[in-house]
$ cat coords09.cif   # mmCIF, C-alpha atoms and all ligand atoms
data_structure
#
loop_
_atom_site.label_atom_id
_atom_site.label_comp_id
_atom_site.auth_asym_id
_atom_site.auth_seq_id
_atom_site.Cartn_x
_atom_site.Cartn_y
_atom_site.Cartn_z
CA MET A 39 29.01 18.83 6.61
CA GLN A 40 26.57 21.74 6.46
CA GLN A 41 23.73 19.21 6.38
CA LEU A 42 24.99 17.66 9.62
CA ILE A 43 25.39 21.01 11.38
CA GLU A 44 21.91 22.12 10.34
CA GLY A 45 20.59 18.73 11.46
CA VAL A 46 22.07 19.15 14.94
CA HIS A 47 20.39 22.54 15.30
CA LYS A 48 17.10 21.25 13.90
CA PHE A 49 17.07 18.25 16.25
CA ARG A 50 17.74 20.42 19.32
CA LEU A 51 15.15 23.00 18.33
CA GLU A 52 12.37 20.79 16.98
CA ASP A 53 12.74 17.22 18.27
CA PHE A 54 14.68 17.27 21.53
CA GLY A 55 11.67 18.53 23.47
CA HIS A 56 9.94 15.19 22.90
CA TYR A 57 12.92 13.36 24.37
CA ARG A 58 14.07 15.81 27.05
CA GLU A 59 12.80 13.83 30.04
CA LEU A 60 13.99 10.55 28.60
CA PHE A 61 17.50 11.86 27.95
CA GLN A 62 17.64 13.41 31.42
CA ARG A 63 16.56 10.14 33.01
CA LEU A 64 19.09 8.16 30.94
CA SER A 65 21.76 10.69 31.83
CA LYS A 66 21.13 10.21 35.57
CA LYS A 67 20.47 6.48 35.66
CA GLY A 68 22.77 5.35 32.84
CA GLN A 69 21.78 3.12 29.98
CA ASN A 70 19.96 -0.18 30.34
CA PRO A 71 19.35 -1.33 26.76
CA HIS A 72 17.24 -4.46 26.37
CA SER A 73 19.02 -5.62 23.20
CA LEU A 74 22.32 -5.72 21.40
CA PHE A 75 21.57 -4.99 17.75
CA ILE A 76 24.34 -5.92 15.29
CA THR A 77 23.84 -4.75 11.75
CA CYS A 78 25.61 -3.41 8.69
CA ALA A 79 27.30 -0.02 8.47
CA ASP A 80 25.10 0.58 5.41
CA SER A 81 23.52 4.04 5.62
CA ARG A 82 20.08 2.64 4.74
CA VAL A 83 19.89 0.20 7.65
CA LEU A 84 18.92 2.10 10.80
CA ALA A 85 18.21 -0.09 13.80
CA VAL A 86 16.40 2.53 15.86
CA LEU A 87 14.27 3.69 12.95
CA MET A 88 13.29 0.25 11.65
CA THR A 89 12.31 -1.03 15.11
CA HIS A 90 10.64 2.20 16.23
CA SER A 91 12.96 2.24 19.23
CA LYS A 92 13.81 5.08 21.57
CA PRO A 93 17.11 6.38 22.97
CA GLY A 94 18.35 3.87 25.55
CA ASP A 95 16.59 0.86 24.00
CA LEU A 96 19.31 -0.60 21.77
CA PHE A 97 23.07 -1.07 22.08
CA VAL A 98 23.93 -0.89 18.39
CA VAL A 99 26.98 -2.26 16.61
CA LYS A 100 27.35 -1.43 12.95
CA ASN A 101 30.18 -2.90 10.94
CA VAL A 102 30.87 -3.62 7.29
CA GLY A 103 28.61 -6.53 6.35
CA ASN A 104 27.37 -7.18 9.94
CA ILE A 105 30.06 -9.85 10.22
CA VAL A 106 30.43 -11.59 13.58
CA PRO A 107 33.75 -13.47 13.56
CA PRO A 108 34.28 -16.49 15.81
CA SER A 109 35.72 -15.54 19.20
CA ASP A 110 39.05 -17.25 18.50
CA MET A 111 39.54 -15.44 15.18
CA VAL A 112 39.45 -11.90 16.47
CA HIS A 113 42.33 -9.79 17.68
CA ALA A 114 42.33 -7.87 20.94
CA THR A 115 41.45 -4.67 19.09
CA ASN A 116 38.34 -6.02 17.37
CA SER A 117 35.58 -3.60 18.30
CA THR A 118 32.72 -5.93 17.37
CA ALA A 119 34.02 -8.59 19.78
CA ALA A 120 34.52 -5.94 22.47
CA ALA A 121 30.95 -4.70 22.01
CA ILE A 122 29.53 -8.23 22.21
CA GLU A 123 31.40 -8.81 25.47
CA PHE A 124 30.38 -5.44 26.93
CA ALA A 125 26.71 -5.81 25.99
CA THR A 126 26.36 -9.37 27.28
CA GLY A 127 28.85 -9.29 30.17
CA VAL A 128 28.32 -5.78 31.56
CA LEU A 129 25.06 -4.28 30.27
CA GLY A 130 23.22 -7.58 30.54
CA VAL A 131 21.15 -7.26 27.37
CA ARG A 132 18.42 -9.88 27.15
CA ASP A 133 18.42 -10.29 23.38
CA ILE A 134 20.92 -10.11 20.54
CA VAL A 135 19.59 -9.33 17.08
CA LEU A 136 21.95 -9.96 14.19
CA CYS A 137 20.43 -8.22 11.20
CA GLY A 138 21.56 -8.58 7.60
CA HIS A 139 20.01 -6.77 4.67
CA THR A 140 19.35 -6.90 0.94
CA GLN A 141 21.63 -5.11 -1.56
CA CYS A 142 24.56 -5.40 0.86
CA GLY A 143 27.75 -4.06 -0.71
CA ALA A 144 29.88 -6.16 1.63
CA MET A 145 28.17 -9.35 0.43
CA HIS A 146 28.81 -8.32 -3.17
CA ALA A 147 32.47 -7.64 -2.35
CA LEU A 148 32.74 -10.96 -0.53
CA MET A 149 31.71 -12.83 -3.65
CA ASP A 150 33.69 -10.66 -6.05
CA ASP A 151 36.56 -12.48 -7.72
CA ALA A 152 38.29 -9.21 -8.59
CA PRO A 153 41.82 -8.68 -7.17
CA GLN A 154 41.78 -7.08 -3.75
CA ASP A 155 42.73 -3.43 -3.49
CA PRO A 156 46.17 -3.12 -1.82
CA ASP A 157 45.17 0.31 -0.50
CA MET A 158 42.40 -1.24 1.62
CA PRO A 159 44.15 -3.92 3.69
CA HIS A 160 41.77 -3.58 6.62
CA LEU A 161 38.68 -4.03 4.48
CA ASN A 162 40.24 -7.01 2.71
CA HIS A 163 41.16 -8.62 6.02
CA TRP A 164 37.74 -7.93 7.51
CA LEU A 165 35.84 -9.50 4.61
CA ARG A 166 38.12 -12.54 4.72
CA LEU A 167 36.62 -13.30 8.14
CA ALA A 168 33.44 -14.24 6.29
CA GLN A 169 35.17 -16.57 3.86
CA PRO A 170 33.08 -19.53 5.15
CA VAL A 171 29.99 -17.70 3.85
CA ARG A 172 31.53 -17.52 0.41
CA ASP A 173 32.39 -21.22 0.61
CA THR A 174 28.79 -22.05 1.54
CA LEU A 175 27.53 -20.09 -1.45
CA THR A 176 29.86 -21.99 -3.77
CA GLN A 177 28.81 -25.35 -2.37
CA HIS A 178 25.09 -24.92 -1.84
CA TYR A 179 23.91 -22.18 -4.19
CA PRO A 180 25.50 -22.99 -7.58
CA HIS A 181 22.06 -22.60 -9.20
CA LEU A 182 21.88 -18.90 -8.34
CA THR A 183 23.35 -16.98 -11.24
CA ASP A 184 21.81 -13.56 -10.69
CA LEU A 185 24.24 -11.41 -8.71
CA GLU A 186 21.57 -9.85 -6.50
CA ASP A 187 20.06 -13.26 -5.71
CA ARG A 188 23.51 -14.50 -4.73
CA ALA A 189 24.09 -11.44 -2.53
CA THR A 190 20.74 -11.99 -0.77
CA ALA A 191 21.57 -15.67 -0.22
CA ALA A 192 25.00 -14.64 1.09
CA ALA A 193 23.40 -12.13 3.47
CA GLY A 194 21.22 -14.91 4.89
CA GLU A 195 24.12 -17.34 5.22
CA ASN A 196 26.16 -14.56 6.82
CA VAL A 197 23.50 -14.17 9.51
CA ARG A 198 23.52 -17.93 10.15
CA PHE A 199 27.34 -17.82 10.29
CA GLY A 200 27.22 -14.95 12.79
CA LEU A 201 24.60 -16.62 15.00
CA LYS A 202 26.83 -19.67 15.23
CA ASN A 203 29.88 -17.52 16.01
CA LEU A 204 28.08 -15.53 18.70
CA ARG A 205 27.88 -18.74 20.72
CA THR A 206 31.70 -18.97 20.79
CA TYR A 207 32.00 -15.85 23.00
CA PRO A 208 32.30 -16.93 26.67
CA THR A 209 29.95 -14.20 27.95
CA VAL A 210 27.32 -15.17 25.37
CA ALA A 211 27.68 -18.90 26.01
CA LYS A 212 27.34 -18.35 29.76
CA ARG A 213 24.20 -16.23 29.42
CA LEU A 214 22.66 -18.71 26.97
CA ALA A 215 23.35 -21.56 29.41
CA GLU A 216 21.64 -19.55 32.16
CA GLY A 217 18.64 -18.98 29.92
CA SER A 218 18.95 -15.20 30.30
CA LEU A 219 19.83 -14.39 26.70
CA GLN A 220 18.25 -15.11 23.33
CA LEU A 221 19.75 -14.87 19.84
CA HIS A 222 17.77 -13.72 16.81
CA GLY A 223 18.69 -13.58 13.11
CA TRP A 224 16.91 -10.97 11.00
CA MET A 225 16.95 -9.88 7.40
CA PHE A 226 15.92 -6.35 6.44
CA LYS A 227 14.57 -5.75 2.95
CA ILE A 228 15.53 -2.18 2.12
CA ALA A 229 12.94 -1.43 -0.56
CA THR A 230 9.92 -2.33 1.63
CA ALA A 231 11.29 -2.18 5.21
CA GLU A 232 10.07 -5.77 5.66
CA VAL A 233 11.86 -7.81 8.29
CA PHE A 234 12.31 -11.58 8.04
CA ALA A 235 13.30 -13.65 11.07
CA TYR A 236 15.47 -16.74 10.90
CA ASP A 237 13.66 -19.89 11.96
CA PRO A 238 16.26 -22.43 13.15
CA GLU A 239 13.80 -25.33 12.80
CA SER A 240 13.15 -24.84 9.10
CA GLY A 241 16.44 -23.11 8.34
CA GLN A 242 14.46 -20.38 6.54
CA PHE A 243 13.86 -16.69 7.00
CA LYS A 244 10.16 -16.09 7.52
CA PRO A 245 8.10 -12.87 7.42
CA PHE A 246 8.50 -11.23 10.77
CA ASN A 247 4.92 -10.23 11.33
CA PRO A 248 2.61 -11.35 8.56
CA ASP A 249 -0.42 -9.80 10.28
CA LEU A 250 0.97 -6.33 9.66
CA SER A 251 2.23 -6.79 6.13
ZN ZN B 1 25.57 -4.17 4.14
#

$ encode --input "coords09.cif" --output "structure tokens"
Amino acid sequence: MQQLIEGVHKFRLEDFGHYRELFQRLSKKGQNPHSLFITCADSRVLAVLMTHSKPGDLFVVKNVGNIVPPSDMVHATNSTAAAIEFATGVLGVRDIVLCGHTQCGAMHALMDDAPQDPDMPHLNHWLRLAQPVRDTLTQHYPHLTDLEDRATAAAGENVRFGLKNLRTYPTVAKRLAEGSLQLHGWMFKIATAEVFAYDPESGQFKPFNPDLS
């Protein structure tokens, strides 16, 4: 906790000056983020940092495993579904980025055959939402035996699964039909900060910006 308290003081003393006008403007005018960015709760995946964004740019949703359940599978209290509706129906974001990552603990847990911990019913239930990803791995990736390779493949399939599910939300479907919203699937490689974008035509993740790599 001491680290957090010192960080708050350090930010206000050393960094806030660079953002003072921006924060004051955002405070008066409200937020108008251009994108909804859905990614994993993992502490190493930081949407604002990895995209060099500023306060007010991104409406960020972080959940365990960046899972986007289909609209008809979520309960009224599902915060990810609520955020998707708010960002697309109220804030009017123009893009949704669904970003998975390498070394994802949730993807490892999803593929783990170990008995589920009865003390973590919410986590167990949440990961079960991505059961179709596990099924896809079983069917289409039997050749992958290395655990990390399987987790990376699962992370990619999980992004594809989420992109499909995003379209089941009425506010998303409406905006897509209007042509005022675009969906993007990304994969973040933690060790190198490389970003790969999903290409629907080839079904592959491709280097995001090869000119800069
Ligand atoms: Zn993760």

$ residues_around --input "coords09.cif" --residues "Val135 in chain A" --least-positions-apart "3" --cutoff "12 Å" --atoms "all atoms listed in the file" --output "ChimeraX atom specification"
/A:72-78,85,89,96-100,104,106,122,125,131-132,138,197-198,200-201,204,219-226,233-236

$ closest_atom_pairs --input "coords09.cif" --of "chain A" --to "ligand ZN 1 (chain B)" --cutoff "10 Å" --atoms "only C-alpha atoms and all ligand atoms" --output "Markdown table"
| residue | atom | partner | partner_atom | distance |
| --- | --- | --- | --- | --- |
| A:Thr77 | CA | B:ZN1 | ZN | 7.8 |
| A:Cys78 | CA | B:ZN1 | ZN | 4.6 |
| A:Ala79 | CA | B:ZN1 | ZN | 6.2 |
| A:Asp80 | CA | B:ZN1 | ZN | 4.9 |
| A:Ser81 | CA | B:ZN1 | ZN | 8.6 |
| A:Arg82 | CA | B:ZN1 | ZN | 8.8 |
| A:Val83 | CA | B:ZN1 | ZN | 8.0 |
| A:Lys100 | CA | B:ZN1 | ZN | 9.4 |
| A:Asn101 | CA | B:ZN1 | ZN | 8.3 |
| A:Val102 | CA | B:ZN1 | ZN | 6.2 |
| A:Gly103 | CA | B:ZN1 | ZN | 4.4 |
| A:Asn104 | CA | B:ZN1 | ZN | 6.8 |
| A:Ile105 | CA | B:ZN1 | ZN | 9.5 |
| A:Cys137 | CA | B:ZN1 | ZN | 9.6 |
| A:Gly138 | CA | B:ZN1 | ZN | 6.9 |
| A:His139 | CA | B:ZN1 | ZN | 6.2 |
| A:Thr140 | CA | B:ZN1 | ZN | 7.5 |
| A:Gln141 | CA | B:ZN1 | ZN | 7.0 |
| A:Cys142 | CA | B:ZN1 | ZN | 3.6 |
| A:Gly143 | CA | B:ZN1 | ZN | 5.3 |
| A:Ala144 | CA | B:ZN1 | ZN | 5.4 |
| A:Met145 | CA | B:ZN1 | ZN | 6.9 |
| A:His146 | CA | B:ZN1 | ZN | 9.0 |
| A:Ala189 | CA | B:ZN1 | ZN | 10.0 |
| A:Ala193 | CA | B:ZN1 | ZN | 8.3 |

$ closest_residue --input "coords09.cif" --among "A:Asp237, A:Asp53, A:Asp95, A:Asp151" --to "Gly68 in chain A" --atoms "all atoms listed in the file"
A:Asp95

$ atom_distance --input "coords09.cif" --atom1 "CA of Tyr57 in chain A" --atom2 "CA of Ile228 in chain A"
27.3 Å

$ closest_residue --input "coords09.cif" --among "A:Ala121, A:Ser218, A:Pro238, A:Pro107" --to "Asn203 in chain A" --atoms "only C-alpha atoms"
A:Pro107

$ atom_distance --input "coords09.cif" --atom1 "CA of Trp164 in chain A" --atom2 "CA of His113 in chain A"
11.3 Å

$ atom_distance --input "coords09.cif" --atom1 "CA of Lys92 in chain A" --atom2 "CA of Phe61 in chain A"
10.0 Å

$ closest_residue --input "coords09.cif" --among "A:Leu182, A:Lys244, A:Ala215, A:Ala231" --to "Leu84 in chain A" --atoms "only C-alpha atoms"
A:Ala231

$ residues_around --input "coords09.cif" --residues "Leu64 in chain A" --least-positions-apart "6" --cutoff "9 Å" --atoms "only C-alpha atoms" --output "MDAnalysis selection string"
chainID A and resid 70 93:94

$ write_last_selection --input "coords09.cif" --atoms "C-alpha atoms" --output "CSV table (one decimal), keeping the file's coordinate frame"
chain,number,residue,atom,x,y,z
A,70,ASN,CA,20.0,-0.2,30.3
A,93,PRO,CA,17.1,6.4,23.0
A,94,GLY,CA,18.4,3.9,25.6

$ closest_residue --input "coords09.cif" --among "A:His163, A:Thr209, A:Gln69, A:Gln41" --to "Glu123 in chain A" --atoms "all atoms listed in the file"
A:Thr209

$ closest_residue --input "coords09.cif" --among "A:Val128, A:Tyr179, A:Asn196, A:Tyr207" --to "Leu148 in chain A" --atoms "only C-alpha atoms"
A:Asn196

$ closest_residue --input "coords09.cif" --among "A:Ala120, A:Pro108, A:Pro208, A:Lys227" --to "Gln169 in chain A" --atoms "all atoms listed in the file"
A:Pro108

$ decode --input "coords09.cif" --residues "range 189-228 of chain A" --atoms "N, CA and C atoms" --output "compact mmCIF listing (two decimals), in the first residue's frame"
# COMPACT_ATOMS: atom_id res chain seq x y z
N ALA A 189 -1.58 -22.14 -24.73
CA ALA A 189 -2.16 -20.93 -24.11
C ALA A 189 -2.20 -19.78 -25.11
N THR A 190 -1.15 -19.65 -25.93
CA THR A 190 -1.13 -18.58 -26.94
C THR A 190 -2.21 -18.83 -28.00
N ALA A 191 -2.34 -20.10 -28.42
CA ALA A 191 -3.40 -20.43 -29.39
C ALA A 191 -4.78 -20.15 -28.77
N ALA A 192 -4.94 -20.48 -27.50
CA ALA A 192 -6.21 -20.24 -26.81
C ALA A 192 -6.50 -18.74 -26.74
N ALA A 193 -5.46 -17.95 -26.47
CA ALA A 193 -5.64 -16.49 -26.39
C ALA A 193 -6.14 -15.95 -27.73
N GLY A 194 -5.59 -16.47 -28.83
CA GLY A 194 -6.03 -16.04 -30.15
C GLY A 194 -7.46 -16.46 -30.43
N GLU A 195 -7.78 -17.71 -30.11
CA GLU A 195 -9.15 -18.19 -30.32
C GLU A 195 -10.14 -17.45 -29.43
N ASN A 196 -9.67 -17.06 -28.24
CA ASN A 196 -10.52 -16.32 -27.32
C ASN A 196 -10.86 -14.93 -27.88
N VAL A 197 -9.92 -14.33 -28.58
CA VAL A 197 -10.19 -13.04 -29.22
C VAL A 197 -11.22 -13.23 -30.35
N ARG A 198 -11.02 -14.27 -31.14
CA ARG A 198 -12.00 -14.55 -32.23
C ARG A 198 -13.39 -14.81 -31.65
N PHE A 199 -13.44 -15.58 -30.56
CA PHE A 199 -14.69 -15.88 -29.86
C PHE A 199 -15.35 -14.58 -29.39
N GLY A 200 -14.55 -13.70 -28.80
CA GLY A 200 -15.09 -12.43 -28.29
C GLY A 200 -15.57 -11.50 -29.39
N LEU A 201 -14.84 -11.46 -30.52
CA LEU A 201 -15.25 -10.62 -31.64
C LEU A 201 -16.61 -11.07 -32.17
N LYS A 202 -16.78 -12.39 -32.22
CA LYS A 202 -18.07 -12.93 -32.67
C LYS A 202 -19.17 -12.54 -31.68
N ASN A 203 -18.86 -12.67 -30.39
CA ASN A 203 -19.87 -12.39 -29.36
C ASN A 203 -20.23 -10.91 -29.28
N LEU A 204 -19.26 -10.05 -29.56
CA LEU A 204 -19.55 -8.61 -29.52
C LEU A 204 -20.73 -8.27 -30.44
N ARG A 205 -20.80 -8.97 -31.56
CA ARG A 205 -21.84 -8.69 -32.54
C ARG A 205 -23.25 -9.06 -32.05
N THR A 206 -23.31 -9.84 -30.94
CA THR A 206 -24.63 -10.25 -30.42
C THR A 206 -25.25 -9.18 -29.52
N TYR A 207 -24.48 -8.13 -29.18
CA TYR A 207 -25.04 -7.06 -28.35
C TYR A 207 -25.82 -6.09 -29.25
N PRO A 208 -27.09 -5.82 -28.91
CA PRO A 208 -27.91 -4.98 -29.80
C PRO A 208 -27.28 -3.63 -30.13
N THR A 209 -26.64 -2.98 -29.13
CA THR A 209 -26.06 -1.65 -29.41
C THR A 209 -24.88 -1.77 -30.37
N VAL A 210 -24.14 -2.86 -30.27
CA VAL A 210 -23.00 -3.08 -31.18
C VAL A 210 -23.52 -3.40 -32.58
N ALA A 211 -24.49 -4.30 -32.65
CA ALA A 211 -25.04 -4.71 -33.96
C ALA A 211 -25.61 -3.50 -34.70
N LYS A 212 -26.29 -2.64 -33.95
CA LYS A 212 -26.90 -1.46 -34.58
C LYS A 212 -25.83 -0.52 -35.13
N ARG A 213 -24.80 -0.28 -34.35
CA ARG A 213 -23.73 0.63 -34.77
C ARG A 213 -22.95 0.04 -35.96
N LEU A 214 -22.76 -1.28 -35.94
CA LEU A 214 -22.07 -1.92 -37.06
C LEU A 214 -22.89 -1.78 -38.34
N ALA A 215 -24.22 -1.97 -38.20
CA ALA A 215 -25.11 -1.85 -39.36
C ALA A 215 -25.08 -0.43 -39.92
N GLU A 216 -24.93 0.55 -39.03
CA GLU A 216 -24.87 1.95 -39.46
C GLU A 216 -23.53 2.28 -40.11
N GLY A 217 -22.55 1.44 -39.85
CA GLY A 217 -21.20 1.73 -40.35
C GLY A 217 -20.44 2.71 -39.48
N SER A 218 -20.89 2.90 -38.23
CA SER A 218 -20.25 3.89 -37.35
C SER A 218 -19.36 3.26 -36.28
N LEU A 219 -19.14 1.96 -36.40
CA LEU A 219 -18.33 1.25 -35.41
C LEU A 219 -17.50 0.17 -36.10
N GLN A 220 -16.26 0.01 -35.62
CA GLN A 220 -15.42 -1.06 -36.17
C GLN A 220 -14.87 -1.93 -35.04
N LEU A 221 -14.76 -3.21 -35.30
CA LEU A 221 -14.23 -4.15 -34.31
C LEU A 221 -12.81 -4.56 -34.70
N HIS A 222 -11.94 -4.69 -33.70
CA HIS A 222 -10.55 -5.06 -33.95
C HIS A 222 -10.11 -6.11 -32.92
N GLY A 223 -9.43 -7.14 -33.38
CA GLY A 223 -8.86 -8.14 -32.48
C GLY A 223 -7.35 -8.00 -32.43
N TRP A 224 -6.81 -7.83 -31.24
CA TRP A 224 -5.35 -7.66 -31.09
C TRP A 224 -4.79 -8.73 -30.17
N MET A 225 -3.50 -8.95 -30.34
CA MET A 225 -2.76 -9.83 -29.43
C MET A 225 -1.49 -9.10 -29.00
N PHE A 226 -1.29 -9.01 -27.70
CA PHE A 226 -0.14 -8.29 -27.14
C PHE A 226 0.89 -9.30 -26.63
N LYS A 227 2.11 -9.19 -27.16
CA LYS A 227 3.18 -10.08 -26.73
C LYS A 227 3.95 -9.38 -25.61
N ILE A 228 3.83 -9.91 -24.41
CA ILE A 228 4.34 -9.21 -23.24
C ILE A 228 5.85 -8.95 -23.32
